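Engineer: Provided herewith: coords_15.cif, mmCIF, N, CA and C atoms.
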data_work
#
loop_
_atom_site.label_atom_id
_atom_site.label_comp_id
_atom_site.auth_asym_id
_atom_site.auth_seq_id
_atom_site.Cartn_x
_atom_site.Cartn_y
_atom_site.Cartn_z
N MET A 138 0.87 -70.08 12.49
CA MET A 138 -0.06 -71.04 11.92
C MET A 138 -1.23 -71.27 12.87
N ARG A 139 -0.93 -71.46 14.16
CA ARG A 139 -1.97 -71.70 15.16
C ARG A 139 -2.91 -70.50 15.23
N THR A 140 -2.37 -69.28 15.18
CA THR A 140 -3.19 -68.07 15.23
C THR A 140 -4.11 -68.00 14.02
N ARG A 141 -3.57 -68.33 12.86
CA ARG A 141 -4.38 -68.30 11.65
C ARG A 141 -5.52 -69.32 11.74
N ASN A 142 -5.24 -70.52 12.22
CA ASN A 142 -6.28 -71.54 12.38
C ASN A 142 -7.34 -71.08 13.38
N LEU A 143 -6.90 -70.42 14.43
CA LEU A 143 -7.82 -69.92 15.44
C LEU A 143 -8.73 -68.85 14.83
N ILE A 144 -8.17 -67.97 14.04
CA ILE A 144 -8.95 -66.91 13.40
C ILE A 144 -9.94 -67.51 12.40
N VAL A 145 -9.48 -68.45 11.60
CA VAL A 145 -10.37 -69.10 10.63
C VAL A 145 -11.50 -69.83 11.35
N THR A 146 -11.20 -70.53 12.43
CA THR A 146 -12.22 -71.23 13.21
C THR A 146 -13.23 -70.24 13.78
N PHE A 147 -12.73 -69.12 14.31
CA PHE A 147 -13.60 -68.10 14.88
C PHE A 147 -14.51 -67.52 13.79
N LEU A 148 -13.96 -67.18 12.64
CA LEU A 148 -14.75 -66.63 11.54
C LEU A 148 -15.80 -67.62 11.05
N LEU A 149 -15.41 -68.88 10.92
CA LEU A 149 -16.35 -69.91 10.49
C LEU A 149 -17.49 -70.07 11.50
N ALA A 150 -17.16 -70.09 12.77
CA ALA A 150 -18.18 -70.20 13.82
C ALA A 150 -19.11 -68.99 13.79
N SER A 151 -18.56 -67.82 13.54
CA SER A 151 -19.38 -66.60 13.46
C SER A 151 -20.35 -66.66 12.29
N VAL A 152 -19.86 -67.09 11.14
CA VAL A 152 -20.72 -67.20 9.95
C VAL A 152 -21.83 -68.21 10.19
N VAL A 153 -21.48 -69.36 10.77
CA VAL A 153 -22.49 -70.38 11.06
C VAL A 153 -23.52 -69.82 12.04
N GLY A 154 -23.09 -69.10 13.05
CA GLY A 154 -24.01 -68.50 14.02
C GLY A 154 -24.95 -67.50 13.38
N ILE A 155 -24.40 -66.65 12.53
CA ILE A 155 -25.22 -65.66 11.84
C ILE A 155 -26.24 -66.34 10.93
N LEU A 156 -25.81 -67.35 10.20
CA LEU A 156 -26.73 -68.08 9.33
C LEU A 156 -27.82 -68.79 10.13
N ALA A 157 -27.46 -69.34 11.27
CA ALA A 157 -28.45 -70.02 12.11
C ALA A 157 -29.51 -69.05 12.59
N ILE A 158 -29.09 -67.87 12.99
CA ILE A 158 -30.04 -66.86 13.47
C ILE A 158 -30.92 -66.40 12.30
N ALA A 159 -30.31 -66.12 11.16
CA ALA A 159 -31.07 -65.63 10.01
C ALA A 159 -32.07 -66.67 9.52
N CYS A 160 -31.68 -67.92 9.51
CA CYS A 160 -32.57 -68.98 9.02
C CYS A 160 -33.69 -69.30 9.99
N SER A 161 -33.46 -69.01 11.28
CA SER A 161 -34.49 -69.32 12.26
C SER A 161 -35.48 -68.17 12.43
N ALA A 162 -35.20 -67.02 11.82
CA ALA A 162 -36.12 -65.88 11.93
C ALA A 162 -37.46 -66.26 11.31
N LYS A 163 -38.51 -66.02 12.06
CA LYS A 163 -39.84 -66.37 11.58
C LYS A 163 -40.40 -65.24 10.75
N THR A 164 -41.08 -65.60 9.69
CA THR A 164 -41.75 -64.61 8.87
C THR A 164 -43.21 -64.54 9.30
N PRO A 165 -43.85 -63.42 9.06
CA PRO A 165 -45.24 -63.30 9.50
C PRO A 165 -46.19 -64.16 8.68
N ALA A 166 -47.26 -64.58 9.32
CA ALA A 166 -48.35 -65.23 8.60
C ALA A 166 -49.07 -64.12 7.83
N LYS A 167 -49.51 -64.42 6.60
CA LYS A 167 -50.15 -63.43 5.74
C LYS A 167 -51.47 -63.96 5.23
N VAL A 168 -52.39 -63.05 5.02
CA VAL A 168 -53.63 -63.39 4.34
C VAL A 168 -53.92 -62.26 3.36
N SER A 169 -54.27 -62.61 2.14
CA SER A 169 -54.58 -61.60 1.13
C SER A 169 -55.99 -61.07 1.32
N VAL A 170 -56.14 -59.78 1.14
CA VAL A 170 -57.44 -59.13 1.18
C VAL A 170 -57.50 -58.16 0.00
N ASP A 171 -58.66 -57.66 -0.28
CA ASP A 171 -58.82 -56.72 -1.39
C ASP A 171 -59.92 -55.75 -0.99
N LYS A 172 -59.51 -54.67 -0.31
CA LYS A 172 -60.53 -53.76 0.20
C LYS A 172 -59.99 -52.33 0.25
N ASP A 173 -60.84 -51.39 -0.09
CA ASP A 173 -60.52 -49.97 0.05
C ASP A 173 -61.13 -49.48 1.36
N ILE A 174 -60.35 -48.72 2.11
CA ILE A 174 -60.85 -48.16 3.36
C ILE A 174 -60.50 -46.68 3.43
N SER A 175 -61.22 -45.96 4.25
CA SER A 175 -60.96 -44.54 4.46
C SER A 175 -60.03 -44.37 5.66
N VAL A 176 -58.94 -43.63 5.45
CA VAL A 176 -57.97 -43.37 6.50
C VAL A 176 -57.88 -41.87 6.70
N ALA A 177 -57.82 -41.44 7.95
CA ALA A 177 -57.65 -40.03 8.26
C ALA A 177 -56.56 -39.89 9.33
N ILE A 178 -55.76 -38.84 9.21
CA ILE A 178 -54.70 -38.56 10.17
C ILE A 178 -55.04 -37.25 10.87
N TYR A 179 -54.95 -37.26 12.20
CA TYR A 179 -55.25 -36.08 13.01
C TYR A 179 -54.09 -35.75 13.94
N SER A 180 -54.00 -34.48 14.31
CA SER A 180 -53.15 -34.09 15.44
C SER A 180 -53.88 -34.53 16.70
N THR A 181 -53.16 -34.56 17.81
CA THR A 181 -53.80 -34.95 19.07
C THR A 181 -53.43 -33.99 20.19
N THR A 182 -54.24 -34.03 21.22
CA THR A 182 -53.92 -33.38 22.49
C THR A 182 -54.09 -34.43 23.57
N GLU A 183 -53.36 -34.23 24.65
CA GLU A 183 -53.47 -35.17 25.77
C GLU A 183 -53.96 -34.39 26.98
N ARG A 184 -55.04 -34.90 27.58
CA ARG A 184 -55.63 -34.24 28.74
C ARG A 184 -56.02 -35.30 29.75
N GLU A 185 -55.45 -35.21 30.94
CA GLU A 185 -55.74 -36.15 32.03
C GLU A 185 -55.56 -37.60 31.57
N GLY A 186 -54.52 -37.85 30.80
CA GLY A 186 -54.22 -39.20 30.34
C GLY A 186 -55.02 -39.66 29.14
N ALA A 187 -55.99 -38.87 28.70
CA ALA A 187 -56.80 -39.22 27.53
C ALA A 187 -56.24 -38.51 26.30
N ILE A 188 -56.25 -39.20 25.19
CA ILE A 188 -55.76 -38.63 23.94
C ILE A 188 -56.97 -38.27 23.09
N ASP A 189 -57.04 -37.00 22.69
CA ASP A 189 -58.15 -36.51 21.87
C ASP A 189 -57.62 -36.06 20.52
N THR A 190 -58.44 -36.22 19.49
CA THR A 190 -58.07 -35.73 18.17
C THR A 190 -58.34 -34.23 18.09
N VAL A 191 -57.58 -33.57 17.22
CA VAL A 191 -57.75 -32.14 17.00
C VAL A 191 -58.23 -31.94 15.57
N SER A 192 -59.34 -31.25 15.42
CA SER A 192 -59.85 -30.94 14.08
C SER A 192 -59.22 -29.64 13.62
N PRO A 193 -59.06 -29.45 12.35
CA PRO A 193 -59.50 -30.30 11.25
C PRO A 193 -58.53 -31.45 11.01
N CYS A 194 -58.99 -32.39 10.25
CA CYS A 194 -58.19 -33.55 9.86
C CYS A 194 -56.99 -33.07 9.04
N LEU A 195 -55.82 -33.66 9.28
CA LEU A 195 -54.62 -33.26 8.55
C LEU A 195 -54.54 -33.90 7.17
N LEU A 196 -55.08 -35.11 7.04
CA LEU A 196 -55.01 -35.83 5.77
C LEU A 196 -56.09 -36.89 5.78
N THR A 197 -56.81 -37.01 4.69
CA THR A 197 -57.79 -38.09 4.54
C THR A 197 -57.65 -38.68 3.15
N GLU A 198 -57.69 -40.00 3.08
CA GLU A 198 -57.53 -40.72 1.82
C GLU A 198 -58.28 -42.03 1.87
N THR A 199 -58.59 -42.53 0.71
CA THR A 199 -59.03 -43.91 0.57
C THR A 199 -57.81 -44.71 0.16
N VAL A 200 -57.49 -45.72 0.94
CA VAL A 200 -56.31 -46.55 0.65
C VAL A 200 -56.75 -47.97 0.35
N HIS A 201 -55.91 -48.68 -0.39
CA HIS A 201 -56.20 -50.07 -0.72
C HIS A 201 -55.43 -50.99 0.21
N ILE A 202 -56.13 -51.94 0.80
CA ILE A 202 -55.51 -52.94 1.67
C ILE A 202 -55.42 -54.24 0.87
N SER A 203 -54.21 -54.77 0.74
CA SER A 203 -54.03 -55.98 -0.04
C SER A 203 -53.64 -57.19 0.81
N GLU A 204 -53.14 -56.94 2.03
CA GLU A 204 -52.81 -58.07 2.89
C GLU A 204 -52.83 -57.67 4.35
N LEU A 205 -53.02 -58.67 5.19
CA LEU A 205 -52.93 -58.52 6.64
C LEU A 205 -51.83 -59.45 7.11
N LEU A 206 -51.14 -59.06 8.16
CA LEU A 206 -50.00 -59.84 8.66
C LEU A 206 -50.13 -60.09 10.16
N ARG A 207 -49.67 -61.24 10.58
CA ARG A 207 -49.52 -61.50 12.01
C ARG A 207 -48.06 -61.91 12.21
N HIS A 208 -47.34 -61.06 12.92
CA HIS A 208 -45.94 -61.33 13.20
C HIS A 208 -45.83 -62.32 14.36
N PRO A 209 -44.82 -63.17 14.34
CA PRO A 209 -44.65 -64.13 15.42
C PRO A 209 -44.58 -63.41 16.77
N ASP A 210 -45.19 -64.02 17.76
CA ASP A 210 -45.18 -63.50 19.13
C ASP A 210 -45.87 -62.14 19.25
N ASP A 211 -46.70 -61.76 18.28
CA ASP A 211 -47.46 -60.52 18.32
C ASP A 211 -48.92 -60.84 18.57
N ASP A 212 -49.56 -60.07 19.42
CA ASP A 212 -50.98 -60.29 19.67
C ASP A 212 -51.86 -59.68 18.58
N GLY A 213 -51.41 -58.60 17.99
CA GLY A 213 -52.23 -57.89 17.02
C GLY A 213 -52.01 -58.34 15.59
N ILE A 214 -52.89 -57.86 14.73
CA ILE A 214 -52.82 -58.14 13.30
C ILE A 214 -52.47 -56.83 12.61
N THR A 215 -51.40 -56.84 11.84
CA THR A 215 -50.91 -55.62 11.19
C THR A 215 -51.62 -55.42 9.86
N MET A 216 -52.13 -54.20 9.67
CA MET A 216 -52.77 -53.81 8.43
C MET A 216 -51.90 -52.72 7.79
N PRO A 217 -50.98 -53.11 6.91
CA PRO A 217 -50.13 -52.12 6.25
C PRO A 217 -50.82 -51.48 5.05
N PHE A 218 -50.48 -50.21 4.82
CA PHE A 218 -51.01 -49.52 3.65
C PHE A 218 -50.06 -48.37 3.30
N THR A 219 -50.28 -47.81 2.13
CA THR A 219 -49.45 -46.69 1.68
C THR A 219 -50.37 -45.53 1.32
N LEU A 220 -50.08 -44.39 1.88
CA LEU A 220 -50.82 -43.18 1.54
C LEU A 220 -50.25 -42.61 0.24
N SER A 221 -51.12 -42.19 -0.66
CA SER A 221 -50.64 -41.70 -1.96
C SER A 221 -50.13 -40.26 -1.89
N ASN A 222 -50.63 -39.48 -0.96
CA ASN A 222 -50.17 -38.10 -0.81
C ASN A 222 -48.92 -38.11 0.08
N THR A 223 -47.82 -38.61 -0.51
CA THR A 223 -46.59 -38.80 0.26
C THR A 223 -46.01 -37.47 0.76
N ALA A 224 -46.16 -36.40 -0.01
CA ALA A 224 -45.62 -35.11 0.41
C ALA A 224 -46.34 -34.60 1.66
N LYS A 225 -47.66 -34.73 1.68
CA LYS A 225 -48.43 -34.27 2.85
C LYS A 225 -48.14 -35.15 4.07
N TYR A 226 -48.04 -36.45 3.85
CA TYR A 226 -47.74 -37.36 4.96
C TYR A 226 -46.33 -37.09 5.51
N ALA A 227 -45.38 -36.82 4.63
CA ALA A 227 -44.02 -36.48 5.08
C ALA A 227 -44.04 -35.19 5.89
N GLU A 228 -44.84 -34.23 5.46
CA GLU A 228 -44.96 -32.97 6.20
C GLU A 228 -45.57 -33.22 7.58
N ILE A 229 -46.64 -34.03 7.63
CA ILE A 229 -47.30 -34.33 8.91
C ILE A 229 -46.35 -35.04 9.86
N THR A 230 -45.68 -36.07 9.37
CA THR A 230 -44.77 -36.81 10.25
C THR A 230 -43.57 -35.96 10.64
N GLY A 231 -43.08 -35.14 9.72
CA GLY A 231 -41.96 -34.26 10.04
C GLY A 231 -42.32 -33.20 11.07
N ASP A 232 -43.54 -32.67 10.99
CA ASP A 232 -43.99 -31.63 11.93
C ASP A 232 -44.39 -32.19 13.29
N ASN A 233 -44.56 -33.50 13.39
CA ASN A 233 -45.05 -34.10 14.64
C ASN A 233 -44.06 -35.06 15.28
N LEU A 234 -42.76 -34.86 15.04
CA LEU A 234 -41.75 -35.73 15.65
C LEU A 234 -41.88 -35.71 17.17
N GLU A 235 -41.85 -36.91 17.75
CA GLU A 235 -41.98 -37.12 19.20
C GLU A 235 -43.34 -36.70 19.74
N LYS A 236 -44.33 -36.56 18.86
CA LYS A 236 -45.71 -36.26 19.26
C LYS A 236 -46.60 -37.39 18.77
N ARG A 237 -47.79 -37.48 19.36
CA ARG A 237 -48.77 -38.46 18.92
C ARG A 237 -49.61 -37.91 17.78
N ILE A 238 -49.92 -38.79 16.84
CA ILE A 238 -50.94 -38.50 15.84
C ILE A 238 -52.02 -39.55 16.02
N ALA A 239 -53.18 -39.30 15.49
CA ALA A 239 -54.26 -40.28 15.54
C ALA A 239 -54.53 -40.78 14.13
N ILE A 240 -54.65 -42.10 13.99
CA ILE A 240 -54.96 -42.71 12.70
C ILE A 240 -56.36 -43.30 12.81
N SER A 241 -57.24 -42.76 11.99
CA SER A 241 -58.64 -43.18 11.98
C SER A 241 -58.89 -44.05 10.75
N VAL A 242 -59.58 -45.15 10.95
CA VAL A 242 -59.94 -46.06 9.86
C VAL A 242 -61.46 -46.15 9.82
N ASN A 243 -62.03 -45.76 8.67
CA ASN A 243 -63.48 -45.76 8.51
C ASN A 243 -64.19 -45.03 9.64
N GLY A 244 -63.60 -43.89 10.07
CA GLY A 244 -64.22 -43.05 11.09
C GLY A 244 -63.93 -43.41 12.53
N GLN A 245 -63.15 -44.45 12.76
CA GLN A 245 -62.85 -44.88 14.13
C GLN A 245 -61.34 -44.79 14.36
N VAL A 246 -60.95 -44.05 15.41
CA VAL A 246 -59.52 -43.95 15.72
C VAL A 246 -59.04 -45.31 16.23
N LEU A 247 -58.07 -45.88 15.51
CA LEU A 247 -57.56 -47.20 15.87
C LEU A 247 -56.14 -47.16 16.42
N SER A 248 -55.44 -46.06 16.20
CA SER A 248 -54.05 -46.01 16.63
C SER A 248 -53.65 -44.56 16.93
N THR A 249 -52.84 -44.40 17.97
CA THR A 249 -52.30 -43.08 18.31
C THR A 249 -50.79 -43.20 18.56
N PRO A 250 -50.04 -43.48 17.50
CA PRO A 250 -48.61 -43.68 17.67
C PRO A 250 -47.85 -42.38 17.90
N VAL A 251 -46.70 -42.50 18.55
CA VAL A 251 -45.77 -41.38 18.66
C VAL A 251 -44.91 -41.43 17.40
N VAL A 252 -44.82 -40.32 16.70
CA VAL A 252 -44.04 -40.23 15.46
C VAL A 252 -42.57 -40.19 15.83
N LYS A 253 -41.80 -41.13 15.31
CA LYS A 253 -40.37 -41.24 15.60
C LYS A 253 -39.49 -40.72 14.48
N MET A 254 -40.05 -40.63 13.27
CA MET A 254 -39.25 -40.15 12.14
C MET A 254 -40.16 -39.62 11.05
N LYS A 255 -39.59 -38.77 10.21
CA LYS A 255 -40.32 -38.27 9.05
C LYS A 255 -40.42 -39.42 8.05
N ILE A 256 -41.63 -39.69 7.59
CA ILE A 256 -41.86 -40.80 6.67
C ILE A 256 -42.20 -40.22 5.30
N GLU A 257 -41.30 -40.41 4.36
CA GLU A 257 -41.44 -39.79 3.06
C GLU A 257 -42.03 -40.69 1.98
N ASN A 258 -42.19 -41.98 2.28
CA ASN A 258 -42.68 -42.90 1.24
C ASN A 258 -44.17 -43.25 1.40
N GLY A 259 -44.85 -42.66 2.36
CA GLY A 259 -46.28 -42.90 2.55
C GLY A 259 -46.62 -44.16 3.32
N ALA A 260 -45.59 -44.91 3.77
CA ALA A 260 -45.83 -46.17 4.47
C ALA A 260 -46.47 -45.93 5.84
N CYS A 261 -47.48 -46.71 6.11
CA CYS A 261 -48.19 -46.61 7.39
C CYS A 261 -48.78 -47.99 7.70
N SER A 262 -49.07 -48.22 8.95
CA SER A 262 -49.77 -49.45 9.32
C SER A 262 -50.52 -49.23 10.62
N VAL A 263 -51.50 -50.06 10.83
CA VAL A 263 -52.30 -50.03 12.05
C VAL A 263 -52.35 -51.45 12.58
N ILE A 264 -52.24 -51.59 13.89
CA ILE A 264 -52.36 -52.90 14.53
C ILE A 264 -53.82 -53.07 14.97
N LEU A 265 -54.43 -54.15 14.50
CA LEU A 265 -55.83 -54.44 14.82
C LEU A 265 -55.91 -55.61 15.78
N ASP A 266 -56.93 -55.60 16.64
CA ASP A 266 -57.21 -56.81 17.41
C ASP A 266 -58.14 -57.68 16.56
N GLU A 267 -58.45 -58.86 17.04
CA GLU A 267 -59.25 -59.78 16.22
C GLU A 267 -60.65 -59.24 15.93
N LYS A 268 -61.26 -58.56 16.90
CA LYS A 268 -62.60 -58.00 16.68
C LYS A 268 -62.56 -56.92 15.60
N GLN A 269 -61.59 -56.02 15.68
CA GLN A 269 -61.47 -54.98 14.66
C GLN A 269 -61.21 -55.60 13.29
N THR A 270 -60.40 -56.65 13.25
CA THR A 270 -60.11 -57.33 11.99
C THR A 270 -61.38 -57.94 11.41
N LYS A 271 -62.16 -58.61 12.25
CA LYS A 271 -63.40 -59.23 11.77
C LYS A 271 -64.41 -58.18 11.32
N ASP A 272 -64.45 -57.03 12.03
CA ASP A 272 -65.37 -55.96 11.64
C ASP A 272 -64.99 -55.35 10.29
N LEU A 273 -63.69 -55.13 10.07
CA LEU A 273 -63.24 -54.52 8.82
C LEU A 273 -63.19 -55.50 7.65
N PHE A 274 -62.88 -56.77 7.97
CA PHE A 274 -62.70 -57.80 6.93
C PHE A 274 -63.51 -59.05 7.31
N PRO A 275 -64.83 -58.97 7.23
CA PRO A 275 -65.67 -60.07 7.71
C PRO A 275 -65.51 -61.38 6.94
N THR A 276 -64.97 -61.32 5.74
CA THR A 276 -64.88 -62.55 4.95
C THR A 276 -63.55 -63.28 5.10
N ILE A 277 -62.59 -62.70 5.81
CA ILE A 277 -61.30 -63.40 5.91
C ILE A 277 -61.34 -64.47 6.99
N ASN A 278 -60.44 -65.40 6.84
CA ASN A 278 -60.30 -66.50 7.80
C ASN A 278 -59.22 -66.12 8.80
N ILE A 279 -59.61 -65.73 9.99
CA ILE A 279 -58.66 -65.31 11.04
C ILE A 279 -57.71 -66.47 11.38
N ASP A 280 -58.19 -67.70 11.25
CA ASP A 280 -57.34 -68.86 11.59
C ASP A 280 -56.08 -68.91 10.72
N GLU A 281 -56.16 -68.39 9.49
CA GLU A 281 -54.96 -68.34 8.64
C GLU A 281 -53.89 -67.47 9.27
N LEU A 282 -54.31 -66.39 9.92
CA LEU A 282 -53.37 -65.49 10.58
C LEU A 282 -52.90 -66.05 11.93
N ASN A 283 -53.71 -66.90 12.53
CA ASN A 283 -53.35 -67.46 13.82
C ASN A 283 -52.43 -68.67 13.67
N SER A 284 -52.28 -69.15 12.45
CA SER A 284 -51.41 -70.30 12.24
C SER A 284 -49.97 -69.91 12.52
N THR A 285 -49.15 -70.89 12.77
CA THR A 285 -47.76 -70.59 13.04
C THR A 285 -47.12 -69.97 11.83
N SER A 286 -46.18 -69.12 12.05
CA SER A 286 -45.49 -68.43 10.95
C SER A 286 -44.69 -69.42 10.14
N ARG A 287 -44.61 -69.12 8.85
CA ARG A 287 -43.89 -70.00 7.93
C ARG A 287 -42.41 -69.87 8.08
#
Can you turn what I pasted into structure tokens?
Structural biologist:
Amino acid sequence: MRTRNLIVTFLLASVVGILAIACSAKTPAKVSVDKDISVAIYSTTEREGAIDTVSPCLLTETVHISELLRHPDDDGITMPFTLSNTAKYAEITGDNLEKRIAISVNGQVLSTPVVKMKIENGACSVILDEKQTKDLFPTINIDELNSTSR
């Protein structure tokens, strides 16, 4: 009986702990936007610590941006988007595992991530600083993103 009570107490404490952690998780602050931008993906080379793009471009598309996010304790603003040519993007990410690619937005390279996995659903994002955010989205209120997460 004592062992069963101990097990039940332990399980109850575990459930309460898990719920406390899940409920305290902060969600990102969001702001809606409505803008089409040009995105291009390039291979890269690294020379003397500098990362250069390699032409020709591997993929170029106009994508729609519908929201920007600021995750708690993050300095940057996340701009998520989905590439429509999912087969080509899956090929690019699959061929460049553990290598850097360059992501260009409106002609400016904003990110050079190391590809960690083949991405088959077209999902991509770029982290912007406040200046880049204001340049790309001059009409949004940055203070909405700087507010504490809900």
Engineer: Could you write out, as a ChimeraX atom specification, all the residues of segment 148-258 of chain A that DSSP marks as strand (DSSP E or B)?
Structural biologist: /A:166-184,187-207,214-219,234,237-242,245-248,251-252
Engineer: With all atoms listed in the file as the counted atoms, please give the residues lying no more than 8 Å from Ile277 of chain A, apart from itself and same-chain residues fewer than 4 positions off, as a list in words.
Structural biologist: Val168, Ser169, Val170, Thr270, Lys271, Leu273, Glu281 and Leu282 of chain A
Engineer: Selected residues, N, CA and C atoms, written as a compact mmCIF listing (two decimals), in the coordinates of the input, please.
Structural biologist:
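The resulting again04.txt:
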# COMPACT_ATOMS: atom_id res chain seq x y z
N VAL A 168 -52.39 -63.05 5.02
CA VAL A 168 -53.63 -63.39 4.34
C VAL A 168 -53.92 -62.26 3.36
N SER A 169 -54.27 -62.61 2.14
CA SER A 169 -54.58 -61.60 1.13
C SER A 169 -55.99 -61.07 1.32
N VAL A 170 -56.14 -59.78 1.14
CA VAL A 170 -57.44 -59.13 1.18
C VAL A 170 -57.50 -58.16 0.00
N THR A 270 -60.40 -56.65 13.25
CA THR A 270 -60.11 -57.33 11.99
C THR A 270 -61.38 -57.94 11.41
N LYS A 271 -62.16 -58.61 12.25
CA LYS A 271 -63.40 -59.23 11.77
C LYS A 271 -64.41 -58.18 11.32
N LEU A 273 -63.69 -55.13 10.07
CA LEU A 273 -63.24 -54.52 8.82
C LEU A 273 -63.19 -55.50 7.65
N GLU A 281 -56.16 -68.39 9.49
CA GLU A 281 -54.96 -68.34 8.64
C GLU A 281 -53.89 -67.47 9.27
N LEU A 282 -54.31 -66.39 9.92
CA LEU A 282 -53.37 -65.49 10.58
C LEU A 282 -52.90 -66.05 11.93
Engineer: So which bits of chain A end up helix (DSSP H, G or I) when you DSSP the backbone, as a PyMOL selection string?
Structural biologist: chain A and resi 139-161+223-232+267-273+279-283
Engineer: I'd like to know which of A:Thr230, A:Asn222, A:Asn283, A:Ser180 is closest to Ile256 of chain A, using only C-alpha atoms.
Structural biologist: A:Thr230
Engineer: Between atom CA of Pro275 of chain A and atom CA of Asp171 of chain A, what is the distance in Å, rounded to a tenth?
Structural biologist: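 Atom CA of Pro275 of chain A sits 11.9 Å away from atom CA of Asp171 of chain A.
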Engineer: Measuring atom to atom with only N, CA and C atoms, identify which of A:Arg237, A:Lys225, A:Lys172, A:Arg184 is nearest to Ile202 of chain A.
Structural biologist: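 Among A:Arg237, A:Lys225, A:Lys172, A:Arg184, it is A:Lys172 that comes nearest to Ile202 of chain A.
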Engineer: Considering all atoms listed in the file, can you say which of A:Ala239, A:Ala224, A:Ala260, A:Met254 comes closest to Thr190 of chain A?
Structural biologist: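 Using all atoms listed in the file, Thr190 of chain A sits closest to A:Ala239.
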Engineer: Can you pull out every residue within 6.5 Å of Tyr179 of chain A, counting all atoms listed in the file, but drop anything in the same chain fewer than 6 positions away, and send it as a ChimeraX atom specification?
Structural biologist: /A:190-191,193-196,237-241
Engineer: In Å, how far is it from atom CA of Asp211 of chain A to atom C of Asp173 of chain A?
Structural biologist: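 Computed distance, atom CA of Asp211 of chain A to atom C of Asp173 of chain A, equals 24.4 Å.
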Engineer: State, in Å with one decimal place, the distance from atom CA of Ser175 of chain A to atom C of Leu265 of chain A.
Structural biologist: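 Spanning atom CA of Ser175 of chain A to atom C of Leu265 of chain A is a straight-line distance of 16.6 Å.
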Engineer: Mind listing as a list in words all residues within 9 Å of (-37.9, -39.5, 14.3), counting only C-alpha atoms?
Structural biologist: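 With a cut-off of 9 Å, the residues come to Thr230, Gly231, Asn233, Leu234, Glu235, Val252, Lys253, Met254, Lys255 and Ile256 of chain A.
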Engineer: Set the distance at 8 Å and use all atoms listed in the file: which residues neighbour Gly213 of chain A once local chain neighbours fewer than 2 positions away are removed? I'd like the list as a list in words.
Structural biologist: Leu206, Arg207, His208, Asp210, Asp211, Thr215, Met216, Val263, Ile264, Leu265, Asp266 and Glu267 of chain A
Engineer: Keeping only N, CA and C atoms, write those residues as a PDB file, keeping the file's coordinate frame.
Structural biologist:
ATOM      1  N   LEU A 206     -51.140 -59.060   8.160  1.00  0.00           N
ATOM      2  CA  LEU A 206     -50.000 -59.840   8.660  1.00  0.00           C
ATOM      3  C   LEU A 206     -50.130 -60.090  10.160  1.00  0.00           C
ATOM      4  N   ARG A 207     -49.670 -61.240  10.580  1.00  0.00           N
ATOM      5  CA  ARG A 207     -49.520 -61.500  12.010  1.00  0.00           C
ATOM      6  C   ARG A 207     -48.060 -61.910  12.210  1.00  0.00           C
ATOM      7  N   HIS A 208     -47.340 -61.060  12.920  1.00  0.00           N
ATOM      8  CA  HIS A 208     -45.940 -61.330  13.200  1.00  0.00           C
ATOM      9  C   HIS A 208     -45.830 -62.320  14.360  1.00  0.00           C
ATOM     10  N   ASP A 210     -45.190 -64.020  17.760  1.00  0.00           N
ATOM     11  CA  ASP A 210     -45.180 -63.500  19.130  1.00  0.00           C
ATOM     12  C   ASP A 210     -45.870 -62.140  19.250  1.00  0.00           C
ATOM     13  N   ASP A 211     -46.700 -61.760  18.280  1.00  0.00           N
ATOM     14  CA  ASP A 211     -47.460 -60.520  18.320  1.00  0.00           C
ATOM     15  C   ASP A 211     -48.920 -60.840  18.570  1.00  0.00           C
ATOM     16  N   THR A 215     -51.400 -56.840  11.840  1.00  0.00           N
ATOM     17  CA  THR A 215     -50.910 -55.620  11.190  1.00  0.00           C
ATOM     18  C   THR A 215     -51.620 -55.420   9.860  1.00  0.00           C
ATOM     19  N   MET A 216     -52.130 -54.200   9.670  1.00  0.00           N
ATOM     20  CA  MET A 216     -52.770 -53.810   8.430  1.00  0.00           C
ATOM     21  C   MET A 216     -51.900 -52.720   7.790  1.00  0.00           C
ATOM     22  N   VAL A 263     -51.500 -50.060  10.830  1.00  0.00           N
ATOM     23  CA  VAL A 263     -52.300 -50.030  12.050  1.00  0.00           C
ATOM     24  C   VAL A 263     -52.350 -51.450  12.580  1.00  0.00           C
ATOM     25  N   ILE A 264     -52.240 -51.590  13.890  1.00  0.00           N
ATOM     26  CA  ILE A 264     -52.360 -52.900  14.530  1.00  0.00           C
ATOM     27  C   ILE A 264     -53.820 -53.070  14.970  1.00  0.00           C
ATOM     28  N   LEU A 265     -54.430 -54.150  14.500  1.00  0.00           N
ATOM     29  CA  LEU A 265     -55.830 -54.440  14.820  1.00  0.00           C
ATOM     30  C   LEU A 265     -55.910 -55.610  15.780  1.00  0.00           C
ATOM     31  N   ASP A 266     -56.930 -55.600  16.640  1.00  0.00           N
ATOM     32  CA  ASP A 266     -57.210 -56.810  17.410  1.00  0.00           C
ATOM     33  C   ASP A 266     -58.140 -57.680  16.560  1.00  0.00           C
ATOM     34  N   GLU A 267     -58.450 -58.860  17.040  1.00  0.00           N
ATOM     35  CA  GLU A 267     -59.250 -59.780  16.220  1.00  0.00           C
ATOM     36  C   GLU A 267     -60.650 -59.240  15.930  1.00  0.00           C
TER      37      GLU A 267
END
Engineer: So which one's closest to Thr219 of chain A, A:Asp272, A:Asn278, A:Asn243, A:Cys261? Using all atoms listed in the file, please.
Structural biologist: A:Cys261
Engineer: Would you please work out which residue, of A:Pro250, A:Pro209, A:Gly259, A:Gly244, is nearest to Ser221 of chain A when using only C-alpha atoms?
Structural biologist: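 Looking at the shortest contact to Ser221 of chain A, the residue is A:Gly259.
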